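K.L.:
Compact mmCIF, C-alpha atoms, file query_13.txt:
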# COMPACT_ATOMS: atom_id res chain seq x y z
CA ALA A 30 71.83 -9.46 18.21
CA GLN A 31 70.28 -6.75 16.13
CA LYS A 32 66.78 -5.49 16.70
CA VAL A 33 64.52 -2.98 15.01
CA THR A 34 61.40 -1.66 16.69
CA GLN A 35 58.60 0.14 14.93
CA ALA A 36 56.26 0.88 17.79
CA GLN A 37 53.47 2.22 15.61
CA THR A 38 51.57 -0.71 14.14
CA GLU A 39 49.02 1.41 12.29
CA ILE A 40 48.67 5.10 11.61
CA SER A 41 45.73 6.82 9.95
CA VAL A 42 45.86 10.40 8.75
CA VAL A 43 43.86 12.65 6.50
CA GLU A 44 45.39 13.81 3.25
CA LYS A 45 47.77 16.78 3.54
CA GLU A 46 48.62 16.01 7.15
CA ASP A 47 52.25 15.46 8.08
CA VAL A 48 53.08 12.08 9.56
CA THR A 49 56.19 10.66 11.24
CA LEU A 50 57.01 6.97 11.36
CA ASP A 51 59.26 5.98 14.22
CA CYS A 52 62.12 3.50 14.10
CA VAL A 53 64.40 2.54 16.98
CA TYR A 54 67.22 0.07 16.57
CA GLU A 55 69.68 -1.92 18.65
CA THR A 56 73.07 -3.14 17.52
CA ARG A 57 76.52 -3.76 18.93
CA ASP A 58 78.16 -2.99 15.62
CA THR A 59 79.94 0.33 15.22
CA THR A 60 79.25 0.42 11.51
CA TYR A 61 75.92 -0.46 10.00
CA TYR A 62 73.33 0.69 7.52
CA LEU A 63 69.77 1.79 8.10
CA PHE A 64 67.01 1.56 5.52
CA TRP A 65 63.41 2.45 4.87
CA TYR A 66 61.29 0.44 2.46
CA LYS A 67 57.76 1.00 1.25
CA GLN A 68 55.39 -1.90 0.54
CA PRO A 69 52.31 -0.79 -1.40
CA PRO A 70 49.28 -3.08 -1.71
CA SER A 71 50.87 -4.76 -4.73
CA GLY A 72 53.31 -6.41 -2.33
CA GLU A 73 56.75 -5.51 -3.65
CA LEU A 74 59.08 -3.76 -1.21
CA VAL A 75 60.47 -0.58 -2.70
CA PHE A 76 63.74 0.82 -1.44
CA LEU A 77 63.44 4.42 -0.23
CA ILE A 78 66.66 5.35 1.53
CA ARG A 79 69.89 4.02 3.00
CA ARG A 80 72.01 5.74 5.66
CA ASN A 81 75.49 4.80 6.80
CA SER A 82 76.05 4.84 10.56
CA PHE A 83 78.82 7.43 10.09
CA ASP A 84 76.52 9.88 8.38
CA GLU A 85 74.02 11.52 10.70
CA GLN A 86 73.08 14.21 8.27
CA ASN A 87 69.35 14.39 7.78
CA GLU A 88 68.02 13.93 4.31
CA ILE A 89 65.10 15.36 2.39
CA SER A 90 63.70 14.02 -0.84
CA GLY A 91 60.62 15.84 -1.99
CA ARG A 92 57.91 15.27 0.62
CA TYR A 93 60.02 12.65 2.41
CA SER A 94 62.58 13.40 5.09
CA TRP A 95 64.61 11.25 7.42
CA ASN A 96 66.02 12.07 10.84
CA PHE A 97 68.91 9.86 11.97
CA GLN A 98 69.99 10.31 15.59
CA LYS A 99 72.69 7.96 16.76
CA SER A 100 72.42 9.21 20.35
CA THR A 101 68.89 7.83 20.60
CA SER A 102 69.35 4.99 18.10
CA SER A 103 66.51 6.31 16.02
CA PHE A 104 65.89 6.71 12.33
CA ASN A 105 62.53 8.38 11.87
CA PHE A 106 60.73 9.00 8.61
CA THR A 107 58.46 11.98 7.99
CA ILE A 108 56.04 12.43 5.12
CA THR A 109 54.98 16.02 4.63
CA ALA A 110 51.60 16.82 3.13
CA SER A 111 50.63 13.17 2.89
CA GLN A 112 48.77 11.84 -0.14
CA VAL A 113 46.52 8.84 -0.65
CA VAL A 114 49.29 7.20 -2.71
CA ASP A 115 51.45 7.17 0.41
CA SER A 116 49.18 4.50 1.89
CA ALA A 117 51.39 1.45 2.36
CA VAL A 118 53.29 -0.59 4.88
CA TYR A 119 56.64 0.98 5.72
CA PHE A 120 59.55 -1.06 7.01
CA CYS A 121 62.66 0.12 8.76
CA ALA A 122 65.69 -2.18 8.50
CA LEU A 123 69.19 -2.46 9.92
CA SER A 124 72.02 -4.16 8.01
CA GLU A 125 75.44 -5.48 8.77
CA THR A 126 78.21 -4.00 6.66
CA SER A 127 80.18 -7.22 6.33
CA GLY A 128 79.53 -10.48 4.56
CA ALA A 129 76.22 -10.69 2.77
CA GLY A 130 74.89 -7.67 4.63
CA LYS A 131 72.11 -9.48 6.45
CA SER A 132 69.23 -7.24 7.36
CA THR A 133 66.93 -7.17 10.35
CA PHE A 134 63.52 -5.69 9.67
CA GLY A 135 61.02 -4.06 11.95
CA ASP A 136 57.47 -5.36 12.01
CA GLY A 137 56.30 -2.51 9.79
CA THR A 138 53.92 0.42 10.16
CA THR A 139 50.74 0.44 8.12
CA LEU A 140 49.98 3.98 7.01
CA THR A 141 46.52 4.82 5.75
CA VAL A 142 46.00 8.22 4.21
CA LYS A 143 42.34 9.11 3.82
CA PRO A 144 41.13 11.58 1.22
CA ASP B 26 67.14 -0.87 -12.92
CA VAL B 27 67.54 -3.91 -10.74
CA LYS B 28 65.04 -6.57 -11.61
CA VAL B 29 64.13 -9.40 -9.29
CA THR B 30 61.45 -11.75 -10.51
CA GLN B 31 59.64 -14.57 -8.75
CA SER B 32 58.10 -17.47 -10.60
CA SER B 33 54.57 -17.09 -9.27
CA ARG B 34 52.54 -14.33 -7.67
CA TYR B 35 50.00 -16.76 -6.21
CA LEU B 36 50.33 -20.46 -5.49
CA VAL B 37 47.95 -22.98 -3.96
CA LYS B 38 49.36 -26.32 -2.81
CA ARG B 39 48.20 -29.23 -0.71
CA THR B 40 49.69 -30.42 2.54
CA GLY B 41 52.59 -32.77 1.91
CA GLU B 42 53.40 -31.50 -1.57
CA LYS B 43 56.92 -30.47 -2.51
CA VAL B 44 56.93 -26.82 -3.45
CA PHE B 45 59.53 -24.87 -5.42
CA LEU B 46 59.68 -21.10 -5.35
CA GLU B 47 62.03 -19.60 -7.90
CA CYS B 48 63.75 -16.25 -7.84
CA VAL B 49 65.85 -14.69 -10.59
CA GLN B 50 67.82 -11.44 -10.55
CA ASP B 51 69.41 -9.78 -13.53
CA MET B 52 72.01 -7.53 -11.89
CA ASP B 53 74.79 -10.02 -11.25
CA HIS B 54 74.33 -9.67 -7.49
CA GLU B 55 76.35 -11.95 -5.28
CA ASN B 56 73.85 -12.15 -2.43
CA MET B 57 70.32 -13.50 -2.50
CA PHE B 58 67.78 -13.87 0.28
CA TRP B 59 64.47 -15.55 1.03
CA TYR B 60 62.08 -14.06 3.57
CA ARG B 61 58.61 -14.87 4.69
CA GLN B 62 56.22 -12.15 5.71
CA ASP B 63 53.34 -12.72 8.08
CA PRO B 64 50.96 -10.14 9.55
CA GLY B 65 52.44 -8.49 12.63
CA LEU B 66 55.74 -10.36 12.29
CA GLY B 67 57.50 -8.29 9.68
CA LEU B 68 60.02 -10.01 7.41
CA ARG B 69 61.81 -13.03 8.73
CA LEU B 70 64.91 -14.39 7.03
CA ILE B 71 64.69 -18.04 6.00
CA TYR B 72 67.94 -18.58 4.09
CA PHE B 73 70.47 -16.54 2.22
CA SER B 74 73.28 -17.18 -0.21
CA TYR B 75 76.43 -15.15 -0.74
CA ASP B 76 77.75 -17.10 -3.73
CA VAL B 77 76.88 -19.91 -6.08
CA LYS B 78 76.35 -23.15 -4.18
CA MET B 79 76.86 -21.33 -0.87
CA LYS B 80 74.01 -20.96 1.58
CA GLU B 81 73.45 -20.04 5.18
CA LYS B 82 70.51 -20.46 7.48
CA GLY B 83 68.57 -17.43 8.51
CA ASP B 84 66.34 -17.08 11.52
CA ILE B 85 63.63 -19.59 10.58
CA PRO B 86 65.11 -22.29 8.29
CA GLU B 87 63.10 -25.21 9.65
CA GLY B 88 60.98 -26.88 7.00
CA TYR B 89 62.81 -25.18 4.15
CA SER B 90 65.83 -25.78 1.96
CA VAL B 91 67.43 -23.74 -0.81
CA SER B 92 69.42 -24.21 -3.96
CA ARG B 93 71.72 -21.88 -5.82
CA GLU B 94 73.24 -23.55 -8.84
CA LYS B 95 73.60 -20.36 -10.87
CA LYS B 96 74.41 -16.86 -9.71
CA GLU B 97 71.18 -15.34 -10.93
CA ARG B 98 68.81 -17.97 -9.53
CA PHE B 99 67.92 -18.83 -5.95
CA SER B 100 65.28 -21.44 -5.22
CA LEU B 101 63.35 -22.02 -2.04
CA ILE B 102 62.09 -25.54 -1.48
CA LEU B 103 59.39 -26.73 0.86
CA GLU B 104 60.06 -30.45 1.06
CA SER B 105 56.63 -31.28 2.49
CA ALA B 106 54.36 -28.28 2.64
CA SER B 107 52.35 -27.71 5.78
CA THR B 108 49.51 -25.30 6.51
CA ASN B 109 51.73 -23.21 8.79
CA GLN B 110 53.84 -22.40 5.76
CA THR B 111 51.00 -20.42 4.25
CA SER B 112 52.58 -17.01 3.89
CA MET B 113 53.96 -14.33 1.62
CA TYR B 114 57.45 -15.22 0.39
CA LEU B 115 59.80 -12.48 -0.69
CA CYS B 116 63.08 -12.85 -2.52
CA ALA B 117 65.78 -10.17 -2.51
CA SER B 118 69.26 -9.67 -3.90
CA SER B 119 72.14 -7.37 -3.13
CA ARG B 120 75.64 -6.63 -4.27
CA SER B 121 78.66 -7.38 -2.12
CA GLY B 122 81.42 -4.95 -1.38
CA PRO B 123 81.55 -1.23 -0.55
CA GLY B 124 78.34 0.53 -1.39
CA GLY B 125 76.45 -2.73 -1.64
CA VAL B 126 74.12 -4.08 1.03
CA THR B 127 70.92 -2.50 -0.31
CA GLN B 128 68.49 -5.31 -0.94
CA TYR B 129 66.18 -5.24 -3.93
CA PHE B 130 63.00 -7.23 -3.71
CA GLY B 131 60.86 -9.25 -6.03
CA PRO B 132 57.06 -8.91 -6.15
CA GLY B 133 56.49 -11.75 -3.71
CA THR B 134 54.68 -15.09 -3.89
CA ARG B 135 51.55 -15.61 -1.84
CA LEU B 136 51.48 -19.30 -0.97
CA LEU B 137 48.39 -20.99 0.37
CA VAL B 138 48.79 -24.53 1.69
CA LEU B 139 45.51 -26.39 2.08
Would you write out, as structure tokens, the structure that this file holds?

P.N.:
Amino acid sequence: AQKVTQAQTEISVVEKEDVTLDCVYETRDTTYYLFWYKQPPSGELVFLIRRNSFDEQNEISGRYSWNFQKSTSSFNFTITASQVVDSAVYFCALSETSGAGKSTFGDGTTLTVKP
Amino acid sequence: DVKVTQSSRYLVKRTGEKVFLECVQDMDHENMFWYRQDPGLGLRLIYFSYDVKMKEKGDIPEGYSVSREKKERFSLILESASTNQTSMYLCASSRSGPGGVTQYFGPGTRLLVL
């Protein structure tokens, strides 16, 4: 069975601080996808990034960066110079690569960025 | 852009009522999903469908049923609503095949059962 653990339930930072959201996963599959989604107060989950299990290259997109380490089964998400608009619930997810691509989601981390 | 719409943002129903939640996607995706989201429990999969008229149970299907008569539409049905079904319901869709898998979500329906 697949499992995703986001140990940090809530994080609060002050604007311009860097913050890292942790994600640890468990799977027996050799191929899989990992995702991060953002859920702002409006409620809709917004897709941020997808990584294939074969691709451990870290990725940077503006103030966002992702660190995928297969050896520790982790896929951490860092926001540099956080802004108030980054306040949201962030979900890490793990997907099968076959069939309908069912996903298992972590419980989410609520990030609050204070001005 | 992928567009997933849900019929209602907020819904208030009474215990015992039959409730229909509708989801429509406009990207010709093969797969559609229904989740419920509760505080501290993340997203839990209720049902999913990988083709028209095809459906599979997710992790918490009890008390729910689904219908997919057309590719773009996936309905979640609460046959007899109960207070413990008060929740946020999220619909998602995804494409099959290589490069698919990414799920795109609708805005969610907040259901209150009194």

K.L.:
Counting all atoms listed in the file, which residues from chain B have an atom at most 9 Å from any atom of chain A, and could you show them as a PyMOL selection string?

P.N.:
chain B and resi 55-58+64-70+73-75+83+113+115+119-123+125-134

K.L.:
Tell me which of A:Asp58, A:Asp51, A:Asp84, A:Glu44 sits closest to Val113 (chain A), counting all atoms listed in the file.

P.N.:
A:Glu44

K.L.:
Adding 5 Å on each side of the box along x, y and z that holds all listed atoms of region 54-62 of chain B, could you give its centre and edge lengths in Å to one decimal, as lines of an AutoDock Vina configuration file?

P.N.:
center_x = 66.3
center_y = -12.6
center_z = -0.9
size_x = 30.1
size_y = 15.9
size_z = 23.2

K.L.:
Just how far from CA of Leu36 (chain B) is CA of Lys78 (chain B), in Å to one decimal?

P.N.:
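These two atoms are separated by 26.2 Å.
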
K.L.:
At what distance in Å, to one decimal, does CA of Glu47 (chain B) lie from CA of Thr111 (chain B)?

P.N.:
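Taking CA of Thr111 (chain B) as the start and CA of Glu47 (chain B) as the end point, the length is 16.4 Å.
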
K.L.:
Determine, counting all atoms listed in the file, which protein, DNA and RNA residues have an atom within 7 Å of an atom of Val48 (chain A); residues of the same chain fewer than 5 positions away are not included. Present the result as a PDB file with C-alpha atoms, in the coordinates of the input.

P.N.:
ATOM      1  CA  THR A 107      58.460  11.980   7.990  1.00  0.00           C
ATOM      2  CA  ILE A 108      56.040  12.430   5.120  1.00  0.00           C
ATOM      3  CA  THR A 109      54.980  16.020   4.630  1.00  0.00           C
TER       4      THR A 109
END

K.L.:
Tell me which protein, DNA and RNA residues are within 9 Å of region 94-105 of chain B, counting all atoms listed in the file, leaving out same-chain ones fewer than 4 positions away, and put them as a short mmCIF file (atom, residue, chain, number, x, y, z; two decimals) with C-alpha atoms, in the coordinates of the input.

P.N.:
data_model
loop_
_atom_site.label_atom_id
_atom_site.label_comp_id
_atom_site.auth_asym_id
_atom_site.auth_seq_id
_atom_site.Cartn_x
_atom_site.Cartn_y
_atom_site.Cartn_z
CA THR B 40 49.69 -30.42 2.54
CA GLY B 41 52.59 -32.77 1.91
CA GLU B 42 53.40 -31.50 -1.57
CA LYS B 43 56.92 -30.47 -2.51
CA VAL B 44 56.93 -26.82 -3.45
CA PHE B 45 59.53 -24.87 -5.42
CA LEU B 46 59.68 -21.10 -5.35
CA GLU B 47 62.03 -19.60 -7.90
CA CYS B 48 63.75 -16.25 -7.84
CA VAL B 49 65.85 -14.69 -10.59
CA GLN B 50 67.82 -11.44 -10.55
CA ASP B 51 69.41 -9.78 -13.53
CA MET B 52 72.01 -7.53 -11.89
CA ASP B 53 74.79 -10.02 -11.25
CA HIS B 54 74.33 -9.67 -7.49
CA GLU B 55 76.35 -11.95 -5.28
CA ASN B 56 73.85 -12.15 -2.43
CA MET B 57 70.32 -13.50 -2.50
CA PHE B 58 67.78 -13.87 0.28
CA TRP B 59 64.47 -15.55 1.03
CA TYR B 72 67.94 -18.58 4.09
CA PHE B 73 70.47 -16.54 2.22
CA SER B 74 73.28 -17.18 -0.21
CA ASP B 76 77.75 -17.10 -3.73
CA VAL B 77 76.88 -19.91 -6.08
CA LYS B 78 76.35 -23.15 -4.18
CA GLY B 88 60.98 -26.88 7.00
CA TYR B 89 62.81 -25.18 4.15
CA SER B 90 65.83 -25.78 1.96
CA GLN B 110 53.84 -22.40 5.76
CA CYS B 116 63.08 -12.85 -2.52
#

K.L.:
Could you tell me which of B:Val91, B:Leu139, B:Met79, B:Ile71 comes closest to Tyr114 (chain B) if we count all atoms listed in the file?

P.N.:
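Going through B:Val91, B:Leu139, B:Met79, B:Ile71 one by one, the smallest distance to Tyr114 (chain B) is for B:Ile71.
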
K.L.:
Taking (65.0, 9.4, 6.1) in the file's coordinates as the center, which residues reach within 9 Å of it, counting all atoms listed in the file, put as a tab-separated table (two decimals) with C-alpha atoms, in the frame of the given file?

P.N.:
chain	number	residue	atom	x	y	z
A	64	PHE	CA	67.01	1.56	5.52
A	65	TRP	CA	63.41	2.45	4.87
A	77	LEU	CA	63.44	4.42	-0.23
A	78	ILE	CA	66.66	5.35	1.53
A	79	ARG	CA	69.89	4.02	3.00
A	80	ARG	CA	72.01	5.74	5.66
A	87	ASN	CA	69.35	14.39	7.78
A	88	GLU	CA	68.02	13.93	4.31
A	89	ILE	CA	65.10	15.36	2.39
A	90	SER	CA	63.70	14.02	-0.84
A	93	TYR	CA	60.02	12.65	2.41
A	94	SER	CA	62.58	13.40	5.09
A	95	TRP	CA	64.61	11.25	7.42
A	96	ASN	CA	66.02	12.07	10.84
A	97	PHE	CA	68.91	9.86	11.97
A	104	PHE	CA	65.89	6.71	12.33
A	105	ASN	CA	62.53	8.38	11.87
A	106	PHE	CA	60.73	9.00	8.61
A	107	THR	CA	58.46	11.98	7.99

K.L.:
Can region 77-100 of chain B be brought up to N, CA, C and O atoms and written out as a JSON list (two decimals), in the frame of the given file?

P.N.:
[["chain", "number", "residue", "atom", "x", "y", "z"],
["B", 77, "VAL", "N", 77.43, -18.69, -5.49],
["B", 77, "VAL", "CA", 76.88, -19.91, -6.08],
["B", 77, "VAL", "C", 77.22, -21.11, -5.20],
["B", 77, "VAL", "O", 78.35, -21.23, -4.73],
["B", 78, "LYS", "N", 76.25, -21.93, -4.98],
["B", 78, "LYS", "CA", 76.35, -23.15, -4.18],
["B", 78, "LYS", "C", 76.60, -22.90, -2.69],
["B", 78, "LYS", "O", 76.74, -23.84, -1.91],
["B", 79, "MET", "N", 76.67, -21.65, -2.28],
["B", 79, "MET", "CA", 76.86, -21.33, -0.87],
["B", 79, "MET", "C", 75.53, -20.87, -0.28],
["B", 79, "MET", "O", 74.79, -20.12, -0.91],
["B", 80, "LYS", "N", 75.26, -21.34, 0.93],
["B", 80, "LYS", "CA", 74.01, -20.96, 1.58],
["B", 80, "LYS", "C", 74.22, -20.92, 3.08],
["B", 80, "LYS", "O", 75.07, -21.62, 3.63],
["B", 81, "GLU", "N", 73.41, -20.11, 3.72],
["B", 81, "GLU", "CA", 73.45, -20.04, 5.18],
["B", 81, "GLU", "C", 72.03, -19.94, 5.71],
["B", 81, "GLU", "O", 71.17, -19.30, 5.08],
["B", 82, "LYS", "N", 71.81, -20.53, 6.85],
["B", 82, "LYS", "CA", 70.51, -20.46, 7.48],
["B", 82, "LYS", "C", 70.25, -19.06, 8.01],
["B", 82, "LYS", "O", 71.15, -18.38, 8.50],
["B", 83, "GLY", "N", 68.99, -18.68, 7.90],
["B", 83, "GLY", "CA", 68.57, -17.43, 8.51],
["B", 83, "GLY", "C", 67.97, -17.69, 9.88],
["B", 83, "GLY", "O", 68.40, -18.60, 10.59],
["B", 84, "ASP", "N", 66.94, -16.97, 10.20],
["B", 84, "ASP", "CA", 66.34, -17.08, 11.52],
["B", 84, "ASP", "C", 65.31, -18.19, 11.64],
["B", 84, "ASP", "O", 65.08, -18.72, 12.73],
["B", 85, "ILE", "N", 64.69, -18.57, 10.51],
["B", 85, "ILE", "CA", 63.63, -19.59, 10.58],
["B", 85, "ILE", "C", 63.78, -20.60, 9.44],
["B", 85, "ILE", "O", 62.92, -20.75, 8.59],
["B", 86, "PRO", "N", 64.87, -21.38, 9.41],
["B", 86, "PRO", "CA", 65.11, -22.29, 8.29],
["B", 86, "PRO", "C", 64.33, -23.61, 8.35],
["B", 86, "PRO", "O", 64.26, -24.34, 7.37],
["B", 87, "GLU", "N", 63.73, -23.90, 9.48],
["B", 87, "GLU", "CA", 63.10, -25.21, 9.65],
["B", 87, "GLU", "C", 61.98, -25.41, 8.64],
["B", 87, "GLU", "O", 61.10, -24.56, 8.50],
["B", 88, "GLY", "N", 62.02, -26.55, 7.98],
["B", 88, "GLY", "CA", 60.98, -26.88, 7.00],
["B", 88, "GLY", "C", 61.28, -26.39, 5.61],
["B", 88, "GLY", "O", 60.49, -26.64, 4.68],
["B", 89, "TYR", "N", 62.43, -25.73, 5.44],
["B", 89, "TYR", "CA", 62.81, -25.18, 4.15],
["B", 89, "TYR", "C", 64.22, -25.63, 3.76],
["B", 89, "TYR", "O", 65.03, -25.94, 4.63],
["B", 90, "SER", "N", 64.48, -25.63, 2.46],
["B", 90, "SER", "CA", 65.83, -25.78, 1.96],
["B", 90, "SER", "C", 65.97, -24.85, 0.76],
["B", 90, "SER", "O", 64.97, -24.29, 0.29],
["B", 91, "VAL", "N", 67.20, -24.65, 0.32],
["B", 91, "VAL", "CA", 67.43, -23.74, -0.81],
["B", 91, "VAL", "C", 68.44, -24.36, -1.76],
["B", 91, "VAL", "O", 69.17, -25.29, -1.43],
["B", 92, "SER", "N", 68.47, -23.77, -2.94],
["B", 92, "SER", "CA", 69.42, -24.21, -3.96],
["B", 92, "SER", "C", 69.87, -23.00, -4.76],
["B", 92, "SER", "O", 69.05, -22.18, -5.17],
["B", 93, "ARG", "N", 71.20, -22.93, -4.95],
["B", 93, "ARG", "CA", 71.72, -21.88, -5.82],
["B", 93, "ARG", "C", 72.78, -22.49, -6.72],
["B", 93, "ARG", "O", 73.96, -22.51, -6.39],
["B", 94, "GLU", "N", 72.35, -22.93, -7.87],
["B", 94, "GLU", "CA", 73.24, -23.55, -8.84],
["B", 94, "GLU", "C", 73.83, -22.54, -9.81],
["B", 94, "GLU", "O", 74.90, -22.74, -10.39],
["B", 95, "LYS", "N", 73.12, -21.44, -10.01],
["B", 95, "LYS", "CA", 73.60, -20.36, -10.87],
["B", 95, "LYS", "C", 73.49, -19.04, -10.11],
["B", 95, "LYS", "O", 72.64, -18.89, -9.23],
["B", 96, "LYS", "N", 74.33, -18.12, -10.46],
["B", 96, "LYS", "CA", 74.41, -16.86, -9.71],
["B", 96, "LYS", "C", 73.09, -16.11, -9.72],
["B", 96, "LYS", "O", 72.72, -15.47, -8.73],
["B", 97, "GLU", "N", 72.38, -16.17, -10.81],
["B", 97, "GLU", "CA", 71.18, -15.34, -10.93],
["B", 97, "GLU", "C", 69.93, -15.99, -10.34],
["B", 97, "GLU", "O", 68.90, -15.35, -10.23],
["B", 98, "ARG", "N", 70.01, -17.24, -9.93],
["B", 98, "ARG", "CA", 68.81, -17.97, -9.53],
["B", 98, "ARG", "C", 68.94, -18.55, -8.13],
["B", 98, "ARG", "O", 69.93, -19.19, -7.80],
["B", 99, "PHE", "N", 67.91, -18.34, -7.34],
["B", 99, "PHE", "CA", 67.92, -18.83, -5.95],
["B", 99, "PHE", "C", 66.55, -19.45, -5.69],
["B", 99, "PHE", "O", 65.53, -18.76, -5.77],
["B", 100, "SER", "N", 66.54, -20.72, -5.39],
["B", 100, "SER", "CA", 65.28, -21.44, -5.22],
["B", 100, "SER", "C", 65.02, -21.77, -3.77],
["B", 100, "SER", "O", 65.94, -22.16, -3.05]]
